[in-house]
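J.: Following this message is one structure expressed as structure tokens.
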Amino acid sequence: LLAGVLAAYPALRATLVEAPATIPAAVRLLESRGVRSRVTIVEGSFFDPLPSGGDVYVLANVLHDWDDDAALEVLLRCSRAASQEGCVLIIENVRKAANLARTTEEDLRYLLLFGGRTRSEEEFGALARRAGLELRACDAGASGISILQCVRGAPFTTGGVREETS
């Protein structure tokens, strides 16, 4: 994902937080795509303090592996590290009425294998709110994967319904 974004946007620079065992593979991939020079690699985990001051923190297919407490910890790490105007992008399959059969199967798999689960937009919003973030947008792609944009700021109203402002 990072290599693709950097290839599409040549002015961007990024920091990749990666587990020690997977850094060599990440370096090889970034080099093969010609973007390695624009990536700072930091050894670590999303459960460690993250490099601070970033504009965007991307969690792609991360939170479904974890229960709510662990997912909240990951979001808190991102929220604490982000600049005041920063955002957290969550890229995940979001449970909706239209994809309930598929996400129920995934949900059981994640629960059995990792203790995690597929969440609805409202559940992501509640986790974001607990981490001091506001879920501003949830854009679903044709593949069923959604990008949820969370920013530092005012929380959702109760019940997960966003207040509209003019």
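Residue names in the structure tokens use chain letters A, B, ... in the order shown, residue numbers from 1 in each chain, and ligand numbers from 1 in the order shown.
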Any idea what's packed within 12 Å of A:Ala128, counting only C-alpha atoms, ignoring anything in its chain fewer than 6 positions away? Could you give it as a ChimeraX atom specification?

T.: /A:63,68-69,71-79,87-90,121-122,134-137,148-156,160

J.: Include N, CA and C atoms and write out the residues we just selected as a tab-separated table (two decimals), in the first residue's frame.

T.:
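File produced: part08.tsv:
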```tsv
chain	number	residue	atom	x	y	z
A	63	LEU	N	-7.03	-3.47	12.50
A	63	LEU	CA	-7.90	-3.51	13.68
A	63	LEU	C	-8.78	-4.75	13.75
A	68	ASP	N	-11.63	-5.20	21.15
A	68	ASP	CA	-11.84	-3.76	21.30
A	68	ASP	C	-10.76	-3.10	22.15
A	69	ASP	N	-10.30	-3.74	23.22
A	69	ASP	CA	-9.29	-3.12	24.08
A	69	ASP	C	-7.98	-2.91	23.32
A	71	ALA	N	-7.60	-2.88	19.98
A	71	ALA	CA	-7.86	-1.94	18.87
A	71	ALA	C	-7.87	-0.51	19.39
A	72	LEU	N	-8.45	-0.30	20.57
A	72	LEU	CA	-8.45	1.02	21.19
A	72	LEU	C	-7.02	1.47	21.48
A	73	GLU	N	-6.19	0.59	21.97
A	73	GLU	CA	-4.79	0.94	22.26
A	73	GLU	C	-4.07	1.39	20.99
A	74	VAL	N	-4.30	0.70	19.88
A	74	VAL	CA	-3.69	1.09	18.61
A	74	VAL	C	-4.16	2.48	18.21
A	75	LEU	N	-5.46	2.73	18.29
A	75	LEU	CA	-5.99	4.04	17.94
A	75	LEU	C	-5.48	5.13	18.87
A	76	LEU	N	-5.35	4.82	20.16
A	76	LEU	CA	-4.80	5.79	21.10
A	76	LEU	C	-3.37	6.15	20.74
A	77	ARG	N	-2.56	5.15	20.35
A	77	ARG	CA	-1.18	5.42	19.93
A	77	ARG	C	-1.16	6.38	18.74
A	78	CYS	N	-2.03	6.15	17.78
A	78	CYS	CA	-2.10	7.01	16.61
A	78	CYS	C	-2.59	8.41	16.98
A	79	SER	N	-3.61	8.48	17.80
A	79	SER	CA	-4.18	9.76	18.21
A	79	SER	C	-3.15	10.60	18.96
A	87	CYS	N	-4.65	13.10	10.91
A	87	CYS	CA	-5.78	12.19	10.85
A	87	CYS	C	-5.29	10.74	10.85
A	88	VAL	N	-6.20	9.86	11.17
A	88	VAL	CA	-5.95	8.43	11.14
A	88	VAL	C	-6.88	7.84	10.09
A	89	LEU	N	-6.31	7.13	9.12
A	89	LEU	CA	-7.11	6.45	8.12
A	89	LEU	C	-7.15	4.97	8.47
A	90	ILE	N	-8.34	4.44	8.63
A	90	ILE	CA	-8.55	3.02	8.91
A	90	ILE	C	-9.07	2.40	7.62
A	121	GLU	N	-19.59	0.66	10.97
A	121	GLU	CA	-19.15	2.06	11.02
A	121	GLU	C	-19.40	2.65	12.41
A	122	GLU	N	-20.52	2.31	13.01
A	122	GLU	CA	-20.84	2.83	14.34
A	122	GLU	C	-19.84	2.31	15.39
A	134	GLU	N	-12.57	11.76	16.02
A	134	GLU	CA	-13.91	11.85	15.46
A	134	GLU	C	-13.91	11.18	14.10
A	135	LEU	N	-14.84	10.27	13.89
A	135	LEU	CA	-14.99	9.64	12.58
A	135	LEU	C	-15.71	10.62	11.68
A	136	ARG	N	-14.98	11.14	10.68
A	136	ARG	CA	-15.53	12.17	9.80
A	136	ARG	C	-16.14	11.59	8.53
A	137	ALA	N	-15.59	10.48	8.04
A	137	ALA	CA	-16.09	9.93	6.78
A	137	ALA	C	-15.82	8.44	6.73
A	148	LEU	N	-12.00	4.77	6.50
A	148	LEU	CA	-12.62	5.57	7.54
A	148	LEU	C	-11.63	6.67	7.94
A	149	GLN	N	-12.06	7.91	7.84
A	149	GLN	CA	-11.20	9.04	8.18
A	149	GLN	C	-11.54	9.52	9.58
A	150	CYS	N	-10.55	9.47	10.46
A	150	CYS	CA	-10.72	9.92	11.84
A	150	CYS	C	-9.79	11.09	12.10
A	151	VAL	N	-10.31	12.13	12.73
A	151	VAL	CA	-9.52	13.31	13.05
A	151	VAL	C	-9.60	13.59	14.53
A	152	ARG	N	-8.63	14.32	15.02
A	152	ARG	CA	-8.67	14.73	16.42
A	152	ARG	C	-9.75	15.79	16.54
A	153	GLY	N	-10.58	15.69	17.57
A	153	GLY	CA	-11.61	16.70	17.71
A	153	GLY	C	-12.80	16.20	18.48
A	154	ALA	N	-13.92	16.86	18.25
A	154	ALA	CA	-15.15	16.59	18.99
A	154	ALA	C	-15.65	15.18	18.72
A	155	PRO	N	-16.15	14.51	19.75
A	155	PRO	CA	-16.65	13.14	19.58
A	155	PRO	C	-18.02	13.10	18.91
A	156	PHE	N	-18.41	11.88	18.52
A	156	PHE	CA	-19.77	11.65	18.02
A	156	PHE	C	-20.76	12.01	19.11
A	160	GLY	N	-23.84	7.12	18.14
A	160	GLY	CA	-23.07	7.04	16.92
A	160	GLY	C	-23.61	7.89	15.79
```

J.: Need to verify the contact set: A:Arg13, 9 Å, only C-alpha atoms, exclusion of same-chain residues closer than 3 positions in sequence. Can you return it as an MDAnalysis selection string?

T.: chainID A and resid 6 10 37:40

J.: Selected residues, N, CA and C atoms, written as a PDB file, in the first residue's frame, please.

T.:
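Result file is result_17.pdb:
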```pdb
ATOM      1  N   LEU A   6       3.197   6.084  -2.586  1.00  0.00           N
ATOM      2  CA  LEU A   6       4.382   6.887  -2.878  1.00  0.00           C
ATOM      3  C   LEU A   6       4.676   6.948  -4.378  1.00  0.00           C
ATOM      4  N   PRO A  10       4.705  11.500  -6.088  1.00  0.00           N
ATOM      5  CA  PRO A  10       6.159  11.626  -5.950  1.00  0.00           C
ATOM      6  C   PRO A  10       6.649  12.639  -4.918  1.00  0.00           C
ATOM      7  N   SER A  37      13.972   5.720  -1.078  1.00  0.00           N
ATOM      8  CA  SER A  37      14.646   6.937  -0.610  1.00  0.00           C
ATOM      9  C   SER A  37      13.693   7.907   0.088  1.00  0.00           C
ATOM     10  N   ARG A  38      12.392   7.719  -0.080  1.00  0.00           N
ATOM     11  CA  ARG A  38      11.417   8.618   0.545  1.00  0.00           C
ATOM     12  C   ARG A  38      10.749   8.015   1.769  1.00  0.00           C
ATOM     13  N   VAL A  39      11.305   6.906   2.267  1.00  0.00           N
ATOM     14  CA  VAL A  39      10.709   6.226   3.419  1.00  0.00           C
ATOM     15  C   VAL A  39      11.727   6.111   4.548  1.00  0.00           C
ATOM     16  N   THR A  40      11.330   6.582   5.714  1.00  0.00           N
ATOM     17  CA  THR A  40      12.091   6.352   6.933  1.00  0.00           C
ATOM     18  C   THR A  40      11.476   5.122   7.585  1.00  0.00           C
TER      19      THR A  40
END
```

J.: I'd like to know which residues of stretch 12-77 of chain A are alpha helix (DSSP H) (by DSSP, run on the backbone); could you write them as a PyMOL selection string?

T.: chain A and resi 23-32+68-77

J.: Please produce a file of the residues just selected, as an mmCIF file, in the first residue's frame, where the atoms kept are N, CA and C atoms.

T.:
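Dumped everything to out-v1.cif:
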```
data_model
loop_
_atom_site.group_PDB
_atom_site.id
_atom_site.type_symbol
_atom_site.label_atom_id
_atom_site.label_comp_id
_atom_site.auth_asym_id
_atom_site.auth_seq_id
_atom_site.Cartn_x
_atom_site.Cartn_y
_atom_site.Cartn_z
ATOM 1 N N ILE A 23 11.335 -6.079 8.240
ATOM 2 C CA ILE A 23 11.993 -4.915 7.642
ATOM 3 C C ILE A 23 12.742 -5.277 6.362
ATOM 4 N N PRO A 24 13.525 -6.355 6.304
ATOM 5 C CA PRO A 24 14.225 -6.655 5.051
ATOM 6 C C PRO A 24 13.284 -6.817 3.850
ATOM 7 N N ALA A 25 12.155 -7.472 4.039
ATOM 8 C CA ALA A 25 11.194 -7.635 2.936
ATOM 9 C C ALA A 25 10.602 -6.284 2.543
ATOM 10 N N ALA A 26 10.332 -5.428 3.524
ATOM 11 C CA ALA A 26 9.793 -4.102 3.228
ATOM 12 C C ALA A 26 10.805 -3.284 2.426
ATOM 13 N N VAL A 27 12.068 -3.353 2.822
ATOM 14 C CA VAL A 27 13.116 -2.620 2.103
ATOM 15 C C VAL A 27 13.202 -3.103 0.656
ATOM 16 N N ARG A 28 13.195 -4.413 0.451
ATOM 17 C CA ARG A 28 13.266 -4.965 -0.909
ATOM 18 C C ARG A 28 12.092 -4.475 -1.761
ATOM 19 N N LEU A 29 10.895 -4.495 -1.198
ATOM 20 C CA LEU A 29 9.716 -4.051 -1.942
ATOM 21 C C LEU A 29 9.809 -2.562 -2.277
ATOM 22 N N LEU A 30 10.160 -1.754 -1.298
ATOM 23 C CA LEU A 30 10.268 -0.312 -1.532
ATOM 24 C C LEU A 30 11.340 0.004 -2.574
ATOM 25 N N GLU A 31 12.463 -0.713 -2.509
ATOM 26 C CA GLU A 31 13.519 -0.521 -3.512
ATOM 27 C C GLU A 31 13.047 -0.935 -4.897
ATOM 28 N N SER A 32 12.326 -2.052 -4.981
ATOM 29 C CA SER A 32 11.855 -2.527 -6.287
ATOM 30 C C SER A 32 10.860 -1.562 -6.925
ATOM 31 N N ASP A 68 -11.630 -5.205 21.150
ATOM 32 C CA ASP A 68 -11.840 -3.765 21.304
ATOM 33 C C ASP A 68 -10.759 -3.096 22.147
ATOM 34 N N ASP A 69 -10.302 -3.738 23.215
ATOM 35 C CA ASP A 69 -9.288 -3.124 24.075
ATOM 36 C C ASP A 69 -7.979 -2.915 23.321
ATOM 37 N N ALA A 70 -7.543 -3.920 22.584
ATOM 38 C CA ALA A 70 -6.297 -3.801 21.827
ATOM 39 C C ALA A 70 -6.461 -2.826 20.668
ATOM 40 N N ALA A 71 -7.605 -2.878 19.975
ATOM 41 C CA ALA A 71 -7.856 -1.937 18.870
ATOM 42 C C ALA A 71 -7.868 -0.506 19.393
ATOM 43 N N LEU A 72 -8.449 -0.300 20.570
ATOM 44 C CA LEU A 72 -8.451 1.025 21.187
ATOM 45 C C LEU A 72 -7.023 1.475 21.476
ATOM 46 N N GLU A 73 -6.186 0.587 21.975
ATOM 47 C CA GLU A 73 -4.789 0.936 22.263
ATOM 48 C C GLU A 73 -4.069 1.387 20.994
ATOM 49 N N VAL A 74 -4.304 0.698 19.885
ATOM 50 C CA VAL A 74 -3.687 1.085 18.611
ATOM 51 C C VAL A 74 -4.165 2.477 18.208
ATOM 52 N N LEU A 75 -5.461 2.728 18.293
ATOM 53 C CA LEU A 75 -5.994 4.041 17.935
ATOM 54 C C LEU A 75 -5.484 5.130 18.866
ATOM 55 N N LEU A 76 -5.354 4.817 20.156
ATOM 56 C CA LEU A 76 -4.799 5.789 21.102
ATOM 57 C C LEU A 76 -3.365 6.148 20.735
ATOM 58 N N ARG A 77 -2.565 5.155 20.347
ATOM 59 C CA ARG A 77 -1.175 5.422 19.932
ATOM 60 C C ARG A 77 -1.156 6.379 18.744
#
```

J.: Which value, in Å to one decimal, gives the distance between atom CA of A:Ala126 and atom CA of A:Gly54?

T.: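 Calculated distance between atom CA of A:Ala126 and atom CA of A:Gly54 is 23.0 Å.
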
J.: Using only C-alpha atoms, which of A:Ile145, A:Ala21, A:Val62, A:Val56 sits nearest A:Gly44?

T.: A:Ala21

J.: Which distance in Å separates atom CA of A:Trp66 and atom CA of A:Ile41, to one decimal?

T.: 23.9 Å

J.: Between A:Asp65, A:Glu43, A:Asp55, A:Glu123, which is the closest to A:Glu85 once you count only C-alpha atoms?

T.: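 That would be A:Asp55, the residue with the smallest distance to A:Glu85.
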
J.: Report, in Å with one decimal, the straight-line distance from atom CA of A:Phe47 to atom CA of A:Asp139.

T.: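 That distance, rounded to one decimal, is 26.3 Å.
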